[in-house]
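J.: Below you will find the structure I want to go over with you.
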Protein chains: 2
Amino acid sequence: MRRPTQKDVARLAGVSRATVSYVINGRSGGKVQITEGTRRRVLKAIETLGYQPDFTARSLRTQRTHLLAIMVPDLTNPFYPLLVRGAQTAADEQDYQILVYDSDDTPTRERKFVETVLRRRVDGVILVTFHLQTEDVMRLIGAGIQVVAIGGRLRTAQVDVVATRERLAVLELMRHLVDRGHRRIAHLAGPQDTAAGEVRLRGYCEGLAEAGISYDEALVRYGTFRREGVRDSITALFPPAGKGDHHPTALFAANDVMAIEAIRVLTGQGWRVPEDVAVCGFDNIPAATFVRPSLTTIGQNPQAMGQQAVGLLLERLGTEEPIEIRHVSVPYQLVIRAST
Amino acid sequence: MRRPTQKDVARLAGVSRATVSYVINGRSGGKVQITEGTRRRVLKAIETLGYQPDFTARSLRTQRTHLLAIMVPDLTNPFYPLLVRGAQTAADEQDYQILVYDSDDTPTRERKFVETVLRRRVDGVILVTFHLQTEDVMRLIGAGIQVVAIGGRLRTAQVDVVATRERLAVLELMRHLVDRGHRRIAHLAGPQDTAAGEVRLRGYCEGLAEAGISYDEALVRYGTFRREGVRDSITALFPPAGKGDHHPTALFAANDVMAIEAIRVLTGQGWRVPEDVAVCGFDNIPAATFVRPSLTTIGQNPQAMGQQAVGLLLERLGTEEPIEIRHVSVPYQLVIRAST
DNA sequence: TTGTATGCGTTATCAA
DNA sequence: TTGATAACGCATACAA
């Protein structure tokens, strides 16, 4: 009834507990040698008893939990499940499990995450954070927990970072619009206190500059990355009265959610997309393919990001040697669809 | 540098390790009484040292990990992140953490999940399974792991179940269509070897019966819950030639993904939705609000399901007494939108 | 009311 | 090559 322990295995195989441990951990490669005979006897006993090592006990002894944790701001944003899945795939191969934590993008919960992983003694964490400070990260590192950040926000902290080169991606998107002949390009920007909002605006500006188009602040509106407020911004940028006039012919929204809402508002007000206004977004969420017209956007590769992040973590966990800080960027993809 | 342990706290407070443990675990309610004075001294020491109990060690001792695990078939299906989030919210309140596992809907990975949680000694699991057998579940229970299943598939196993009354939901959906005057209602069914596919078809049939409409097998096509194959089914149900003729005036797709694809195919072939054909789905995924026309559907409440599931688990974990098997159903919601 | 001692299941160090 | 044995950090029965 009770789960068998190493002791049971040892008794059945007629050896000591230590020997069982040696066999299990394949010490045979190192200094400790086990006779093939006893080795097989032990293996046999393990088999018949259905013995499985207890992670908890092992963790206490080795100070390794074989547990990773990933914190994301919003699991219902389709970007993050993909990230989690990528992480999972990579972790699974090495028998690491993943604790998933939805911070709801609040400072309180992000803090709580830190406390939790500290007590749980997870081996490594993947952070998608908008609120943690360098000092929070330092606490983790101080406790021997490996850290990798997704996205640029913690660039300055001493941690590995996995990110998309968003600025370059936006630049490419802008080139696409310019190639299509657009000169008056509006931007529905994200909040400028977020790395994403800020860097995408920068890409927009550089894109204009590259095409020799002068920046016009009247063409830039700031949003929240959510649907709220988009209607007002659109109405301001595209006054119903001014149709056929000197209106912008293209709109770059800082993310797909806003872009899709923009399309809805525009068509609702009688604009044709893409004939009157070309619209593009950023993220390539699933809805981008459903919406009519389907949305031109930048596809990040969250799954690859998750995998990479775990890869970095496991590398550090696999060696004693210190590894220098790494910043890896994951390829993005310009997805051209009907909206431009 | 090293994390402080109870021993450090004890030394600083000038008491024994046991006393520290008593204080922490609030034994004061039980038989062991601690003087207010020493209690405060200990608390003070904990504070200044920044001591935090070590989950691992505690787990080894108590045989409780304070860890739950949830297995879902596909994290990129927006239903499941909500489920996870609901579970998380509930778990978080009692300081339980959640291991998330994406089984990719494969038997192999579902098995692997079982092995993993067994070794990890998680306290309870939430199962959304399409492949596990009763015996797999029995292994978990035998190991003292609490189990709750989401959805009807394990109804017959001896476990708690949280589910939506899908049959009743479909019935309500059918009533809605009938109220709108529809008599020829087609059904894009799900695979009949899945509980969802089967029960939704049953609801469809009962809905017809209730309205006194005779079942016509020519109006039922079987799909995969995915976009593939929908085009063919739609073309067969709504021959382009037969427009204006004796075609079905409504379509109930067994899930939103198929319904949305159906709308796309129908409009692509010149049918107007809902004027020529009313379309409805099941699940209320986010895209259901984005699609034009927006989709009438049944909204399950995955978040509530996750919360409920954790609730059942924690109840069992909170008491020694055996609790009888419970089947709880979570309210659904008929969401009427533009497509009908 | 507090302290002593033991064990949870492992791994790893030392002898044998 | 193998076997005792001591931690790992904590909770608790029992003794004081």
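By convention here, the chains of the structure tokens are called A, B, ... in the order presented, each chain's residues are numbered starting at 1, and ligands are numbered starting at 1 in the order presented.
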Among range 124-333 of chain A, which residues carry a DSSP assignment of alpha helix (DSSP H), reported as JSON, numbers by chain?
T.: {"A": [134, 135, 136, 137, 138, 139, 140, 141, 142, 166, 167, 168, 169, 170, 171, 172, 173, 174, 175, 176, 177, 178, 179, 195, 196, 197, 198, 199, 200, 201, 202, 203, 204, 205, 206, 207, 208, 209, 210, 230, 231, 232, 233, 234, 235, 236, 237, 256, 257, 258, 259, 260, 261, 262, 263, 264, 265, 266, 267, 268, 287, 288, 289, 290, 302, 303, 304, 305, 306, 307, 308, 309, 310, 311, 312, 313, 314, 315, 316, 317]}
J.: Please, which residues of chain D lie no more than 10 Å from chain B when the count uses only C-alpha atoms (C1' of nucleotides), and can they be set out as a list in words?
T.: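 On the chain D side, the interface is DC8, DG9, DC10, DA11 and DT12 of chain D.
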J.: If you keep C-alpha atoms (C1' of nucleotides), can you produce a file of those selected residues as a short mmCIF file (atom, residue, chain, number, x, y, z; two decimals), in the first residue's frame?
T.:
```cif
data_model
loop_
_atom_site.label_atom_id
_atom_site.label_comp_id
_atom_site.auth_asym_id
_atom_site.auth_seq_id
_atom_site.Cartn_x
_atom_site.Cartn_y
_atom_site.Cartn_z
"C1'" DC D 8 19.16 18.26 4.43
"C1'" DG D 9 15.04 21.41 7.36
"C1'" DC D 10 11.10 20.55 9.52
"C1'" DA D 11 7.13 18.67 12.69
"C1'" DT D 12 5.76 16.25 16.58
#
```
J.: Taking 3 positions as the minimum chain separation for residues in the same chain, which residues sit within 10 Å of Ile46 in chain B when counting only C-alpha atoms (C1' of nucleotides)? Answer as an MDAnalysis selection string.
T.: chainID B and resid 4:6 8:10 12:13 20 24 40:43 49:53
J.: Would you output that residue set with N, CA and C atoms, as an mmCIF file, in the first residue's frame?
T.:
```cif
data_model
loop_
_atom_site.group_PDB
_atom_site.id
_atom_site.type_symbol
_atom_site.label_atom_id
_atom_site.label_comp_id
_atom_site.auth_asym_id
_atom_site.auth_seq_id
_atom_site.Cartn_x
_atom_site.Cartn_y
_atom_site.Cartn_z
ATOM 1 N N PRO B 4 18.362 31.505 6.287
ATOM 2 C CA PRO B 4 18.251 31.137 7.702
ATOM 3 C C PRO B 4 17.279 29.969 7.855
ATOM 4 N N THR B 5 17.552 29.106 8.834
ATOM 5 C CA THR B 5 16.657 27.974 9.111
ATOM 6 C C THR B 5 16.032 28.167 10.487
ATOM 7 N N GLN B 6 15.210 27.249 10.820
ATOM 8 C CA GLN B 6 14.580 27.315 12.139
ATOM 9 C C GLN B 6 15.625 27.332 13.241
ATOM 10 N N ASP B 8 18.523 28.690 13.220
ATOM 11 C CA ASP B 8 19.036 30.052 13.400
ATOM 12 C C ASP B 8 18.057 30.895 14.206
ATOM 13 N N VAL B 9 16.802 30.745 13.865
ATOM 14 C CA VAL B 9 15.775 31.497 14.585
ATOM 15 C C VAL B 9 15.795 31.120 16.060
ATOM 16 N N ALA B 10 15.875 29.810 16.294
ATOM 17 C CA ALA B 10 15.865 29.320 17.674
ATOM 18 C C ALA B 10 17.032 29.906 18.462
ATOM 19 N N LEU B 12 18.771 32.628 17.866
ATOM 20 C CA LEU B 12 18.616 34.062 18.077
ATOM 21 C C LEU B 12 17.577 34.362 19.158
ATOM 22 N N ALA B 13 16.509 33.579 19.168
ATOM 23 C CA ALA B 13 15.444 33.825 20.138
ATOM 24 C C ALA B 13 15.764 33.186 21.483
ATOM 25 N N VAL B 20 10.151 27.099 18.103
ATOM 26 C CA VAL B 20 9.991 27.889 16.888
ATOM 27 C C VAL B 20 8.910 27.262 16.013
ATOM 28 N N ILE B 24 5.355 28.920 14.733
ATOM 29 C CA ILE B 24 5.032 29.054 13.317
ATOM 30 C C ILE B 24 3.715 28.378 12.969
ATOM 31 N N ARG B 40 6.493 36.183 21.133
ATOM 32 C CA ARG B 40 6.916 37.429 20.499
ATOM 33 C C ARG B 40 8.416 37.427 20.203
ATOM 34 N N ARG B 41 9.168 36.832 21.118
ATOM 35 C CA ARG B 41 10.620 36.775 20.883
ATOM 36 C C ARG B 41 10.919 36.009 19.591
ATOM 37 N N VAL B 42 10.208 34.905 19.438
ATOM 38 C CA VAL B 42 10.420 34.086 18.244
ATOM 39 C C VAL B 42 10.035 34.857 16.991
ATOM 40 N N LEU B 43 8.860 35.461 17.051
ATOM 41 C CA LEU B 43 8.383 36.231 15.897
ATOM 42 C C LEU B 43 9.380 37.319 15.524
ATOM 43 N N LEU B 49 15.640 38.006 10.952
ATOM 44 C CA LEU B 49 16.415 37.101 10.102
ATOM 45 C C LEU B 49 15.817 36.988 8.701
ATOM 46 N N GLY B 50 14.577 37.399 8.571
ATOM 47 C CA GLY B 50 13.902 37.208 7.292
ATOM 48 C C GLY B 50 13.692 35.733 7.016
ATOM 49 N N TYR B 51 13.456 35.010 8.083
ATOM 50 C CA TYR B 51 13.292 33.561 7.940
ATOM 51 C C TYR B 51 12.019 33.204 7.183
ATOM 52 N N GLN B 52 12.131 32.223 6.328
ATOM 53 C CA GLN B 52 10.954 31.673 5.653
ATOM 54 C C GLN B 52 11.042 30.177 5.672
ATOM 55 N N PRO B 53 9.969 29.529 6.096
ATOM 56 C CA PRO B 53 9.996 28.069 6.148
ATOM 57 C C PRO B 53 10.300 27.474 4.777
#
```
J.: Which residues, written as a ChimeraX atom specification, have at least one atom at most 12 Å from DA13 in chain D, with only C-alpha atoms (C1' of nucleotides) counted and residues fewer than 3 positions away on the same chain left out?
T.: /B:18,32 /C:4-7
J.: Smallest atom-to-atom distance to Thr289 in chain B: which of B:Ile336, B:Ile323, B:Ala309, B:Ala186, using only C-alpha atoms?
T.: B:Ile336
J.: Specify as a VMD selection string all residues of chain B found within 9 Å of chain A, counting only C-alpha atoms.
T.: chain B and resid 1 to 3 52 to 57 59 to 60 63 65 69 74 to 82 84 to 85 88 to 89 95 97 to 102 116 118 to 121 142 to 143 260 to 261 264 286 to 287 290 to 292
J.: How close does each residue of chain B get to chain C, giving the shortest atom pair and distance in Å to one decimal for every residue with an atom at most 7 Å away, counting only C-alpha atoms (C1' of nucleotides), sorted by chain and residue number, as a tab-separated table?
T.:
```
residue	atom	partner	partner_atom	distance
B:Ser16	CA	C:DG3	C1'	6.2
B:Thr19	CA	C:DT2	C1'	6.9
B:Gln33	CA	C:DT1	C1'	6.2
B:Ile34	CA	C:DT1	C1'	6.1
B:Thr35	CA	C:DT1	C1'	6.9
B:Leu60	CA	C:DC8	C1'	5.3
B:Arg61	CA	C:DC8	C1'	4.8
```
J.: Name the residues of range 122-281 of chain B that come out as strand (DSSP E or B) in a backbone DSSP run; write them as an MDAnalysis selection string.
T.: chainID B and resid 124:127 146:150 160:164 185:189 220:222 250:253 278:280
J.: Neighbouring residues of Thr164 in chain A were defined as those with any atom within 9 Å, considering only C-alpha atoms (C1' of nucleotides); residues of the same chain fewer than 2 positions away were excluded. Please report them as a PyMOL selection string.
T.: chain A and resi 150-152+162+166-169+300-301+305+328-332
J.: Would you output that residue set with C-alpha atoms, as a short mmCIF file (atom, residue, chain, number, x, y, z; two decimals), in the first residue's frame?
T.:
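out11.cif, written as the output of this step:
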```cif
data_model
loop_
_atom_site.label_atom_id
_atom_site.label_comp_id
_atom_site.auth_asym_id
_atom_site.auth_seq_id
_atom_site.Cartn_x
_atom_site.Cartn_y
_atom_site.Cartn_z
CA ILE A 150 11.37 37.72 -21.48
CA GLY A 151 11.18 41.05 -23.24
CA GLY A 152 13.41 44.02 -22.84
CA VAL A 162 15.12 36.61 -24.42
CA GLU A 166 10.76 44.78 -32.04
CA ARG A 167 12.29 47.95 -33.33
CA LEU A 168 13.63 46.19 -36.40
CA ALA A 169 10.31 44.43 -36.86
CA GLN A 300 6.60 37.07 -32.70
CA ASN A 301 7.51 33.52 -31.90
CA MET A 305 10.99 32.33 -26.82
CA VAL A 328 19.25 36.35 -27.20
CA SER A 329 16.81 37.62 -29.78
CA VAL A 330 14.23 35.40 -31.37
CA PRO A 331 13.28 35.88 -35.04
CA TYR A 332 10.07 37.69 -35.82
#
```
J.: Do you know which residues are at most 9 Å from Asp160 in chain B counting only C-alpha atoms (C1' of nucleotides), after dropping those on the same chain fewer than 3 positions away, and could you put them as a VMD selection string?
T.: chain B and resid 147 to 150 154 to 155 157 309 312 to 313 324 to 328
J.: At a cut-off of 9 Å, using only C-alpha atoms (C1' of nucleotides), what residues contact His176 in chain B? Leave out same-chain residues fewer than 5 positions from it and give the result as a list in words.
T.: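 Answer for this query is Leu171, Gly181, Ile336 and Thr340 of chain B.
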J.: Based on the selection just made, write C-alpha atoms of those residues as a PDB file, in the first residue's frame.
T.:
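Output below, filename out-v7.pdb:
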```pdb
ATOM      1  CA  LEU B 171     -31.428  22.610 -25.879  1.00  0.00           C
ATOM      2  CA  GLY B 181     -38.725  30.688 -36.809  1.00  0.00           C
ATOM      3  CA  ILE B 336     -27.042  35.903 -28.477  1.00  0.00           C
ATOM      4  CA  THR B 340     -28.725  34.569 -35.504  1.00  0.00           C
TER       5      THR B 340
END
```
J.: What separation in Å, quoted to one decimal, exists between CA of Ala338 in chain A and CA of Leu295 in chain A?
T.: 6.2 Å
J.: Kindly give the distance, in Å, that separates CA of Ala211 in chain B and CA of Trp271 in chain B, rounded to a single decimal.
T.: 25.8 Å
